[in-house]
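S.K.: Structure file input_33.txt (compact mmCIF, C-alpha atoms) right here:
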# COMPACT_ATOMS: atom_id res chain seq x y z
CA MET A 1 0.00 0.00 0.00
CA PRO A 2 1.60 3.35 -0.98
CA ARG A 3 2.67 5.75 1.77
CA THR A 4 0.63 8.96 1.96
CA SER A 5 3.33 11.54 1.64
CA VAL A 6 4.45 14.89 0.31
CA THR A 7 7.30 15.36 -2.11
CA PRO A 8 10.70 15.14 -0.40
CA THR A 9 11.43 18.76 -1.35
CA VAL A 10 8.36 20.15 0.40
CA ALA A 11 8.84 17.88 3.39
CA LEU A 12 12.42 18.92 3.98
CA LEU A 13 11.48 22.57 3.54
CA ALA A 14 8.93 22.11 6.30
CA LEU A 15 11.64 20.59 8.48
CA ALA A 16 13.98 23.51 7.84
CA LEU A 17 11.23 26.00 8.65
CA ALA A 18 10.44 24.13 11.84
CA LEU A 19 14.09 24.43 12.88
CA ALA A 20 14.34 28.12 11.92
CA LEU A 21 13.80 29.47 15.43
CA PRO A 22 15.58 32.31 17.22
CA PRO A 23 18.04 30.68 19.62
CA ALA A 24 16.62 32.35 22.71
CA ALA A 25 13.33 30.57 22.02
CA ALA A 26 14.57 27.43 20.31
CA TRP A 27 14.94 25.24 23.38
CA PRO A 28 11.25 24.96 24.45
CA ALA A 29 10.22 24.36 20.85
CA ALA A 30 12.61 21.47 20.38
CA ALA A 31 9.99 18.94 21.40
CA ALA A 32 7.00 20.69 19.88
CA PRO A 33 5.87 19.05 16.63
CA THR A 34 5.26 21.26 13.63
CA HIS A 35 2.79 19.47 11.38
CA ALA A 36 3.01 19.62 7.62
CA PRO A 37 0.02 21.03 5.72
CA ALA A 38 -2.62 18.38 5.12
CA ALA A 39 -3.17 19.44 1.52
CA LEU A 40 0.23 18.23 0.33
CA VAL A 41 0.14 15.16 -1.87
CA HIS A 42 1.93 11.86 -2.28
CA SER A 43 5.09 11.43 -4.30
CA ASP A 44 7.21 8.34 -4.89
CA THR A 45 10.30 10.40 -5.80
CA ASP A 46 13.46 8.64 -4.63
CA THR A 47 15.98 11.41 -3.95
CA ARG A 48 19.50 10.89 -2.59
CA THR A 49 20.86 13.63 -0.38
CA SER A 50 24.53 14.34 0.28
CA LEU A 51 26.77 16.72 2.18
CA LEU A 52 29.31 19.11 0.70
CA ARG A 53 32.64 17.42 0.14
CA PRO A 54 35.35 18.55 2.55
CA THR A 55 37.94 20.96 1.14
CA GLY A 56 41.02 19.89 3.14
CA PRO A 57 43.83 17.58 2.01
CA TYR A 58 43.04 14.68 4.34
CA THR A 59 40.70 11.74 3.96
CA VAL A 60 38.19 11.74 6.83
CA GLY A 61 38.19 8.73 9.14
CA ARG A 62 35.19 7.89 11.32
CA ASP A 63 34.83 6.10 14.63
CA THR A 64 32.24 6.01 17.44
CA LEU A 65 32.72 5.94 21.20
CA HIS A 66 30.27 5.11 23.97
CA LEU A 67 31.38 6.77 27.21
CA VAL A 68 29.87 6.25 30.66
CA ASP A 69 30.71 8.61 33.52
CA ARG A 70 29.94 6.39 36.49
CA ALA A 71 30.87 9.18 38.90
CA ARG A 72 27.91 11.29 37.75
CA ARG A 73 24.17 10.75 37.79
CA ASP A 74 22.28 11.78 34.69
CA PRO A 75 20.56 15.13 35.34
CA TRP A 76 17.37 13.99 33.57
CA VAL A 77 17.24 10.33 34.63
CA PRO A 78 18.87 10.34 38.08
CA ASP A 79 18.89 6.55 38.50
CA ALA A 80 21.24 6.23 35.51
CA ALA A 81 24.91 7.10 35.13
CA ARG A 82 25.68 9.88 32.66
CA GLU A 83 26.23 8.44 29.16
CA LEU A 84 27.54 10.02 25.98
CA MET A 85 27.85 8.95 22.37
CA VAL A 86 30.81 10.54 20.63
CA GLY A 87 31.36 10.58 16.89
CA MET A 88 35.08 10.78 16.12
CA PHE A 89 36.32 12.35 12.88
CA TYR A 90 40.06 12.29 12.18
CA PRO A 91 42.66 12.81 9.44
CA ALA A 92 43.12 9.48 7.69
CA LEU A 93 45.09 7.83 4.92
CA PRO A 94 43.35 7.20 1.59
CA GLY A 95 41.91 3.74 1.23
CA SER A 96 38.85 1.69 0.37
CA SER A 97 37.17 1.54 3.78
CA THR A 98 33.39 1.75 4.04
CA SER A 99 31.55 5.06 3.86
CA ALA A 100 30.15 6.10 7.25
CA PRO A 101 26.35 6.28 7.63
CA TYR A 102 24.79 9.68 8.32
CA ALA A 103 22.38 8.39 11.00
CA THR A 104 20.47 5.24 11.79
CA VAL A 105 17.03 4.95 10.22
CA GLN A 106 15.42 5.16 13.64
CA GLU A 107 17.38 8.28 14.60
CA ALA A 108 16.29 9.90 11.33
CA ARG A 109 12.69 8.78 11.89
CA LEU A 110 12.53 10.26 15.38
CA LEU A 111 13.91 13.58 14.15
CA LEU A 112 11.25 13.69 11.43
CA GLN A 113 8.52 12.61 13.83
CA ASN A 114 9.44 15.46 16.15
CA TYR A 115 8.45 17.89 13.40
CA GLY A 116 5.35 16.00 12.29
CA LEU A 117 7.01 14.73 9.12
CA GLU A 118 7.30 11.01 9.80
CA ASP A 119 4.67 10.25 7.13
CA VAL A 120 5.85 12.78 4.59
CA PHE A 121 9.61 12.34 4.25
CA PRO A 122 11.28 8.91 4.26
CA ALA A 123 13.58 8.35 7.20
CA GLU A 124 15.53 5.99 4.99
CA THR A 125 16.43 8.88 2.67
CA LEU A 126 17.76 11.08 5.49
CA SER A 127 19.60 8.14 7.04
CA ALA A 128 21.28 7.29 3.72
CA THR A 129 22.66 10.80 3.13
CA ALA A 130 26.07 10.43 1.48
CA THR A 131 28.99 11.41 3.71
CA SER A 132 32.74 11.62 3.16
CA GLY A 133 33.75 9.85 6.38
CA ARG A 134 35.30 6.41 6.09
CA VAL A 135 34.75 3.80 8.80
CA ASN A 136 37.92 2.09 10.08
CA ALA A 137 40.15 4.25 7.90
CA ARG A 138 43.82 4.12 8.90
CA PRO A 139 44.80 7.34 10.69
CA SER A 140 47.24 9.73 9.10
CA HIS A 141 50.62 10.10 10.78
CA GLY A 142 51.14 13.03 13.12
CA ARG A 143 49.47 14.87 16.00
CA TYR A 144 46.51 17.17 15.48
CA PRO A 145 44.45 19.69 17.46
CA LEU A 146 41.20 18.44 18.96
CA VAL A 147 37.88 20.25 18.44
CA VAL A 148 34.80 19.20 20.43
CA LEU A 149 31.37 19.86 18.87
CA SER A 150 28.08 20.01 20.78
CA PRO A 151 24.70 20.08 18.94
CA GLY A 152 21.56 22.08 19.58
CA PHE A 153 19.00 21.12 22.20
CA GLY A 154 16.71 18.38 20.94
CA VAL A 155 18.81 17.39 17.92
CA SER A 156 21.63 14.91 17.50
CA ARG A 157 25.31 15.30 16.74
CA PHE A 158 24.72 14.08 13.18
CA THR A 159 23.28 17.50 12.25
CA LEU A 160 26.86 18.87 12.48
CA THR A 161 28.44 16.21 10.27
CA GLY A 162 29.29 18.62 7.43
CA LEU A 163 31.27 20.88 9.76
CA ALA A 164 32.98 17.94 11.49
CA GLU A 165 34.09 16.42 8.18
CA GLU A 166 35.50 19.75 7.00
CA LEU A 167 37.58 20.26 10.14
CA ALA A 168 38.91 16.70 10.04
CA SER A 169 39.89 17.12 6.39
CA ARG A 170 41.87 20.23 7.39
CA GLY A 171 43.89 18.40 10.01
CA TYR A 172 41.82 18.26 13.19
CA VAL A 173 40.53 15.45 15.34
CA VAL A 174 36.86 16.20 15.97
CA ALA A 175 34.68 14.79 18.76
CA ALA A 176 30.96 15.39 18.14
CA VAL A 177 29.06 14.66 21.36
CA ASP A 178 25.52 13.41 21.88
CA HIS A 179 24.43 14.17 25.45
CA ALA A 180 22.08 11.48 26.77
CA TYR A 181 18.35 12.33 26.90
CA GLU A 182 18.90 15.72 25.19
CA SER A 183 18.02 14.75 21.61
CA VAL A 184 14.78 13.43 20.18
CA GLY A 185 16.59 10.21 19.34
CA THR A 186 20.16 8.91 19.75
CA ALA A 187 21.16 5.28 19.32
CA PHE A 188 23.12 3.81 22.24
CA PRO A 189 24.64 0.31 22.53
CA SER A 190 22.51 -2.80 23.12
CA GLY A 191 19.80 -1.50 20.81
CA ARG A 192 18.77 1.36 23.14
CA MET A 193 17.28 4.52 21.67
CA LEU A 194 17.43 7.38 24.17
CA THR A 195 14.94 10.16 23.57
CA CYS A 196 14.61 13.73 24.82
CA VAL A 197 13.56 13.47 28.46
CA ALA A 198 15.12 16.91 28.91
CA CYS A 199 12.77 18.47 26.35
CA ALA A 200 9.86 18.01 28.75
CA LYS A 201 11.78 18.82 31.93
CA ALA A 202 13.71 21.94 30.90
CA GLN A 203 11.09 24.68 31.13
CA SER A 204 12.88 27.75 32.45
CA GLU A 205 15.97 29.87 31.93
CA GLN A 206 17.41 28.34 35.09
CA ASP A 207 16.92 24.89 33.57
CA MET A 208 18.84 25.93 30.46
CA GLU A 209 21.64 27.32 32.57
CA ALA A 210 21.78 23.88 34.18
CA VAL A 211 21.90 22.27 30.72
CA THR A 212 24.93 24.32 29.71
CA ALA A 213 26.68 23.61 33.01
CA SER A 214 25.98 19.88 32.68
CA ARG A 215 27.30 19.83 29.13
CA GLY A 216 30.44 21.56 30.33
CA LYS A 217 30.99 18.64 32.71
CA ASP A 218 30.27 16.23 29.86
CA VAL A 219 33.01 17.82 27.79
CA SER A 220 35.52 17.66 30.64
CA PHE A 221 34.79 13.94 30.91
CA VAL A 222 35.24 13.52 27.15
CA LEU A 223 38.61 15.29 27.35
CA ASP A 224 39.69 12.98 30.17
CA ARG A 225 38.86 9.97 27.98
CA LEU A 226 40.46 11.36 24.84
CA ALA A 227 43.40 13.39 26.10
CA GLY A 228 43.89 12.29 29.71
CA PRO A 229 46.65 10.07 31.09
CA ARG A 230 44.73 6.86 30.28
CA PRO A 231 42.74 7.58 27.10
CA THR A 232 40.15 5.07 25.93
CA TRP A 233 40.09 5.89 22.19
CA ARG A 234 42.25 3.62 20.06
CA TYR A 235 43.65 6.56 18.07
CA ALA A 236 44.18 8.91 21.02
CA GLY A 237 47.82 9.28 19.98
CA LEU A 238 46.64 11.54 17.16
CA ILE A 239 45.57 14.25 19.62
CA ASP A 240 47.81 17.12 20.59
CA ARG A 241 46.70 17.65 24.19
CA ASN A 242 47.96 21.22 24.21
CA ARG A 243 45.71 22.34 21.36
CA ILE A 244 42.04 21.83 22.21
CA GLY A 245 39.05 23.91 21.09
CA MET A 246 35.28 23.66 21.20
CA ALA A 247 32.32 24.88 19.17
CA GLY A 248 28.60 24.27 19.38
CA HIS A 249 25.32 25.15 17.73
CA SER A 250 22.46 26.73 19.70
CA VAL A 251 22.68 25.55 23.34
CA GLY A 252 25.80 23.68 22.24
CA GLY A 253 27.36 27.09 21.62
CA ALA A 254 26.55 28.21 25.15
CA SER A 255 28.05 24.91 26.29
CA ALA A 256 31.32 25.83 24.61
CA ALA A 257 31.58 28.88 26.86
CA ALA A 258 30.51 26.87 29.92
CA ALA A 259 33.07 24.17 29.15
CA MET A 260 35.83 26.77 28.80
CA ALA A 261 34.81 28.39 32.08
CA GLY A 262 35.23 25.06 33.85
CA ASN A 263 38.23 23.62 32.01
CA ARG A 264 41.46 25.42 31.21
CA ARG A 265 42.44 22.73 28.70
CA ILE A 266 40.07 24.29 26.15
CA ARG A 267 42.05 27.08 24.53
CA ALA A 268 39.44 28.56 22.16
CA GLY A 269 35.67 28.42 21.62
CA VAL A 270 32.82 29.33 19.29
CA ASN A 271 29.13 29.88 19.94
CA ILE A 272 27.14 29.30 16.75
CA ASP A 273 23.78 31.08 17.03
CA GLY A 274 22.95 30.12 20.60
CA ALA A 275 21.70 32.09 23.61
CA PHE A 276 24.49 32.06 26.20
CA HIS A 277 22.34 31.26 29.27
CA ALA A 278 24.87 33.03 31.55
CA ALA A 279 27.64 30.66 30.43
CA VAL A 280 30.35 33.37 30.36
CA PRO A 281 31.46 34.24 33.91
CA ALA A 282 31.54 37.88 34.99
CA ASP A 283 35.35 37.77 35.08
CA GLY A 284 35.62 36.32 31.57
CA LEU A 285 37.37 33.24 30.20
CA GLY A 286 40.91 33.90 31.37
CA GLY A 287 41.90 35.81 28.24
CA ARG A 288 41.19 32.89 25.90
CA PRO A 289 39.80 33.62 22.41
CA PHE A 290 36.12 33.26 21.64
CA MET A 291 34.02 33.85 18.52
CA MET A 292 30.27 34.47 18.22
CA LEU A 293 28.72 33.57 14.85
CA GLY A 294 25.00 34.02 14.26
CA THR A 295 22.08 35.32 12.26
CA ASP A 296 22.18 38.93 11.06
CA ASP A 297 18.75 39.93 12.34
CA GLU A 298 17.13 41.51 15.35
CA THR A 299 18.30 38.57 17.46
CA HIS A 300 22.06 38.77 17.22
CA ARG A 301 22.99 42.26 16.22
CA PRO A 302 24.35 44.42 19.08
CA GLY A 303 21.41 45.48 21.21
CA GLY A 304 19.26 42.72 19.72
CA THR A 305 16.54 40.67 21.32
CA ASP A 306 19.00 38.11 22.68
CA ALA A 307 20.60 40.29 25.35
CA SER A 308 22.87 37.42 26.40
CA TRP A 309 25.08 38.17 23.39
CA ASP A 310 25.69 41.74 24.54
CA THR A 311 26.41 40.51 28.07
CA ALA A 312 28.78 37.80 26.86
CA TRP A 313 30.60 40.20 24.54
CA ASN A 314 31.27 42.61 27.38
CA ARG A 315 32.57 39.78 29.58
CA LEU A 316 34.87 38.16 27.01
CA ASP A 317 38.37 39.24 27.97
CA GLY A 318 40.55 37.84 25.19
CA TRP A 319 40.68 37.93 21.39
CA LYS A 320 37.05 38.01 20.24
CA ARG A 321 34.85 38.38 17.19
CA TRP A 322 31.10 38.96 16.82
CA LEU A 323 30.06 37.91 13.32
CA THR A 324 26.57 37.81 11.82
CA VAL A 325 25.58 36.32 8.47
CA ALA A 326 22.87 37.89 6.30
CA GLY A 327 20.20 35.60 4.88
CA THR A 328 20.53 32.94 7.57
CA ASN A 329 18.18 31.49 10.16
CA HIS A 330 18.82 29.28 13.16
CA SER A 331 19.15 26.08 11.12
CA SER A 332 21.47 27.61 8.52
CA PHE A 333 24.59 26.65 10.47
CA SER A 334 23.69 22.94 10.51
CA ASP A 335 23.40 20.35 7.73
CA ILE A 336 19.66 20.84 7.15
CA PRO A 337 19.79 23.65 4.55
CA VAL A 338 22.37 21.72 2.53
CA PHE A 339 19.67 19.14 1.88
CA LEU A 340 17.44 21.90 0.54
CA ASP A 341 20.08 22.53 -2.11
CA GLU A 342 20.22 18.83 -2.93
CA LEU A 343 16.46 18.84 -3.42
CA GLY A 344 16.34 22.02 -5.50
CA LEU A 345 14.95 24.44 -2.93
CA SER A 346 17.75 26.97 -2.50
CA GLY A 347 16.29 30.25 -1.29
CA ALA A 348 12.79 28.78 -1.00
CA GLN A 349 12.19 30.23 2.47
CA SER A 350 12.60 33.83 1.27
CA PRO A 351 14.19 35.61 -1.71
CA GLN A 352 17.01 36.81 0.54
CA ALA A 353 17.80 33.44 2.11
CA LEU A 354 21.25 32.03 1.56
CA SER A 355 21.43 28.65 -0.09
CA GLY A 356 22.36 25.75 2.12
CA ARG A 357 25.61 25.36 0.21
CA ARG A 358 26.59 28.98 0.79
CA SER A 359 25.61 28.87 4.47
CA MET A 360 27.77 25.81 4.99
CA GLU A 361 30.66 27.32 3.04
CA ILE A 362 30.64 30.38 5.30
CA THR A 363 30.30 28.35 8.50
CA ARG A 364 33.15 26.06 7.52
CA ALA A 365 35.36 28.93 6.33
CA TYR A 366 35.08 31.01 9.50
CA LEU A 367 35.32 28.14 11.96
CA GLY A 368 38.24 26.69 10.03
CA ALA A 369 39.97 30.08 10.03
CA PHE A 370 39.29 30.59 13.74
CA PHE A 371 40.77 27.27 14.80
CA ASP A 372 43.66 27.55 12.33
CA GLN A 373 44.59 30.86 13.91
CA GLN A 374 43.95 30.01 17.55
CA LEU A 375 45.11 26.37 17.67
CA LYS A 376 47.65 26.20 14.85
CA GLY A 377 49.02 29.74 15.03
CA ILE A 378 48.36 30.44 11.34
CA PRO A 379 47.33 34.09 10.76
CA GLN A 380 43.92 34.37 9.10
CA PRO A 381 43.15 37.62 7.25
CA LEU A 382 39.55 36.40 6.95
CA LEU A 383 39.14 37.21 10.65
CA ASP A 384 40.58 40.72 10.42
CA GLY A 385 37.48 42.40 9.00
CA PRO A 386 34.90 42.49 6.20
CA THR A 387 35.97 41.18 2.81
CA SER A 388 34.41 41.40 -0.63
CA ALA A 389 34.75 37.63 -0.90
CA GLU A 390 32.33 37.17 2.03
CA PRO A 391 29.84 40.06 1.63
CA GLU A 392 27.20 38.28 3.70
CA VAL A 393 29.31 38.52 6.88
CA THR A 394 29.16 41.56 9.18
CA PHE A 395 31.81 42.23 11.83
CA ASN A 396 30.05 43.68 14.86
CA ASN A 397 32.34 45.55 17.26
CA PRO A 398 30.19 47.44 19.76
Take the structure in the file and give it back as structure tokens.
M.R.:
Amino acid sequence: MPRTSVTPTVALLALALALALPPAAAWPAAAAPTHAPAALVHSDTDTRTSLLRPTGPYTVGRDTLHLVDRARRDPWVPDAARELMVGMFYPALPGSSTSAPYATVQEARLLLQNYGLEDVFPAETLSATATSGRVNARPSHGRYPLVVLSPGFGVSRFTLTGLAEELASRGYVVAAVDHAYESVGTAFPSGRMLTCVACAKAQSEQDMEAVTASRGKDVSFVLDRLAGPRPTWRYAGLIDRNRIGMAGHSVGGASAAAAMAGNRRIRAGVNIDGAFHAAVPADGLGGRPFMMLGTDDETHRPGGTDASWDTAWNRLDGWKRWLTVAGTNHSSFSDIPVFLDELGLSGAQSPQALSGRRSMEITRAYLGAFFDQQLKGIPQPLLDGPTSAEPEVTFNNP
């Protein structure tokens, strides 16, 4: 019996629109379904989606870690120890190893269900998105900086795959973290699918401050397991323990600041379009560099509706940049808009909207430049001020 469905293009557009929320309001909406219009009709179109190919010289290796912090109770399910799933991306040697999956079918299905699209866009299509990562690829020789990535509230680490692959291809080890019970669906070992208990429990600004603090502790635990005296990852020798950075999207961006505040090992951080939730202490981050990258609208311009950006900017006490990107919305800095390009819907949300490809190009360029400068010591003129090559980007220096 045929599935009643909309075309994949319309369905994914609906998903992107559902995710296009201002970061100060995004967290309570993470668990609120947005239903597709009932008038849309069935299509049997079989469309393959893919991510942008990385631009760096390295092949991207992929690995997955399951970490359990038995010294901590989970903040959402107190009778359980805190668990994390960590996707590892690393510089690898060329070879014929297997392409890494984007997500499991069930993870993709739960993400689509969260936005009322489970019957209108095939989970199998999202799950089968083509990636550049290679499972069990042999690591390249050398030692590389480590960058930790934390996703938005309610979504999984796989929504940052395009950024993670780019950084790995440029000579970074990347650890993309799924925080237990904080996404609508993350696969854990033994066939367990952990869903977003936190989405129902986190209902106040104080709750979100607790989320960022908890994620900061998660990241410290990840660093212990990757770069501590007894690392558990088989390729931990790739990591230069003296060059560690962190970036995150939405609440993951606030978590980058919270993690830096609690852990001196993190030398540089980026908040991508997320409310800070008081993550930057009043006395700053010890002079360490930090970059804010977000939408160029009433939310994230100086004096905008998200006052936490103004507060954070005034507290940051080291090298800093406040960048906004015209034509973007909250989802533009994740993989989602790239799929719009793949399905022929560039600019469909508004005439001024950046294409998914362009959004991802800008995100990758500025984060790559930031970490190249701060962790590798390579000067980056891209970070010095506006350029005609990147006209969408505004440097805000209040």
S.K.: Considering only C-alpha atoms, state which residue in the set A:Arg72, A:Arg170, A:Arg62, A:Arg321 is at the smallest distance from A:Leu293.
M.R.: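 Closest to A:Leu293, using only C-alpha atoms: A:Arg321.
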S.K.: From the set A:Tyr172, A:Phe290, A:Phe339, A:Phe333, which residue has the shortest atom-to-atom contact distance to A:Gly318, counting all atoms listed in the file?
M.R.: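 Residue with the minimum atom-to-atom distance to A:Gly318: A:Phe290.
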S.K.: Need the shell around A:Ala92: protein/DNA/RNA residues with any atom at most 12 Å away, counting only C-alpha atoms. Skip same-chain ones fewer than 5 positions apart. Format as number ranges by chain?
M.R.: A: 56-63, 97, 132-144, 165, 168-173, 235, 238
S.K.: Could you write those residues out with C-alpha atoms, as a PDB file, in the frame of the given file?
M.R.:
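Contents of again.pdb, as written:
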ATOM      1  CA  GLY A  56      41.020  19.890   3.140  1.00  0.00           C
ATOM      2  CA  PRO A  57      43.830  17.580   2.010  1.00  0.00           C
ATOM      3  CA  TYR A  58      43.040  14.680   4.340  1.00  0.00           C
ATOM      4  CA  THR A  59      40.700  11.740   3.960  1.00  0.00           C
ATOM      5  CA  VAL A  60      38.190  11.740   6.830  1.00  0.00           C
ATOM      6  CA  GLY A  61      38.190   8.730   9.140  1.00  0.00           C
ATOM      7  CA  ARG A  62      35.190   7.890  11.320  1.00  0.00           C
ATOM      8  CA  ASP A  63      34.830   6.100  14.630  1.00  0.00           C
ATOM      9  CA  SER A  97      37.170   1.540   3.780  1.00  0.00           C
ATOM     10  CA  SER A 132      32.740  11.620   3.160  1.00  0.00           C
ATOM     11  CA  GLY A 133      33.750   9.850   6.380  1.00  0.00           C
ATOM     12  CA  ARG A 134      35.300   6.410   6.090  1.00  0.00           C
ATOM     13  CA  VAL A 135      34.750   3.800   8.800  1.00  0.00           C
ATOM     14  CA  ASN A 136      37.920   2.090  10.080  1.00  0.00           C
ATOM     15  CA  ALA A 137      40.150   4.250   7.900  1.00  0.00           C
ATOM     16  CA  ARG A 138      43.820   4.120   8.900  1.00  0.00           C
ATOM     17  CA  PRO A 139      44.800   7.340  10.690  1.00  0.00           C
ATOM     18  CA  SER A 140      47.240   9.730   9.100  1.00  0.00           C
ATOM     19  CA  HIS A 141      50.620  10.100  10.780  1.00  0.00           C
ATOM     20  CA  GLY A 142      51.140  13.030  13.120  1.00  0.00           C
ATOM     21  CA  ARG A 143      49.470  14.870  16.000  1.00  0.00           C
ATOM     22  CA  TYR A 144      46.510  17.170  15.480  1.00  0.00           C
ATOM     23  CA  GLU A 165      34.090  16.420   8.180  1.00  0.00           C
ATOM     24  CA  ALA A 168      38.910  16.700  10.040  1.00  0.00           C
ATOM     25  CA  SER A 169      39.890  17.120   6.390  1.00  0.00           C
ATOM     26  CA  ARG A 170      41.870  20.230   7.390  1.00  0.00           C
ATOM     27  CA  GLY A 171      43.890  18.400  10.010  1.00  0.00           C
ATOM     28  CA  TYR A 172      41.820  18.260  13.190  1.00  0.00           C
ATOM     29  CA  VAL A 173      40.530  15.450  15.340  1.00  0.00           C
ATOM     30  CA  TYR A 235      43.650   6.560  18.070  1.00  0.00           C
ATOM     31  CA  LEU A 238      46.640  11.540  17.160  1.00  0.00           C
TER      32      LEU A 238
END
S.K.: Give me, please, the distance in Å between atom CA of A:Glu392 and atom CA of A:Gly368, quoted to one decimal.
M.R.: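 For atom CA of A:Glu392 relative to atom CA of A:Gly368, the distance reads 17.2 Å.
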S.K.: Quick one: residues within 12 Å of A:Gly191, all atoms listed in the file counted, chain neighbours fewer than 5 positions away excluded, as a ChimeraX atom specification?
M.R.: /A:104,106-107,186
S.K.: Rank A:Glu205, A:Ala275, A:Val147, A:Thr387 by their smallest atom-to-atom distance to A:Gln374, using all atoms listed in the file, and report the top residue only.
M.R.: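 Ranking A:Glu205, A:Ala275, A:Val147, A:Thr387 by distance to A:Gln374, first place goes to A:Val147.
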S.K.: Report, in Å with one decimal, the straight-line distance from atom CA of A:Ile272 to atom CA of A:Met292.
M.R.: 6.2 Å
S.K.: Work out where the centre of an axis-aligned box around every listed atom of stretch 238-257 of chain A lies and how long its edges are once 6 Å is added on each side; give both in Å to one decimal as lines of an AutoDock Vina configuration file.
M.R.:
center_x = 35.2
center_y = 20.2
center_z = 22.0
size_x = 37.5
size_y = 29.3
size_z = 21.7
S.K.: Report, in Å with one decimal, the straight-line distance from atom CA of A:Pro75 to atom CA of A:Ala256.
M.R.: 18.6 Å
S.K.: Is it possible to get the residues within 10 Å of (22.1, 26.0, 10.5) (coordinates as in the file, counting all atoms listed in the file) written as a list in words?
M.R.: Ala16, Leu19, Ala20, Gly152, Thr159, Leu160, His249, Ser250, Ile272, Asp273, Gly294, Thr295, Thr328, Asn329, His330, Ser331, Ser332, Phe333, Ser334, Asp335, Ile336, Pro337, Val338, Gly356, Ser359, Met360 and Thr363 of chain A
S.K.: Show me, as a VMD selection string, the residues that have an atom within 7 Å of stretch 264-268 of chain A when counting all atoms listed in the file, minus same-chain residues fewer than 4 positions from it.
M.R.: chain A and resid 243 to 246 260 288 to 290 374
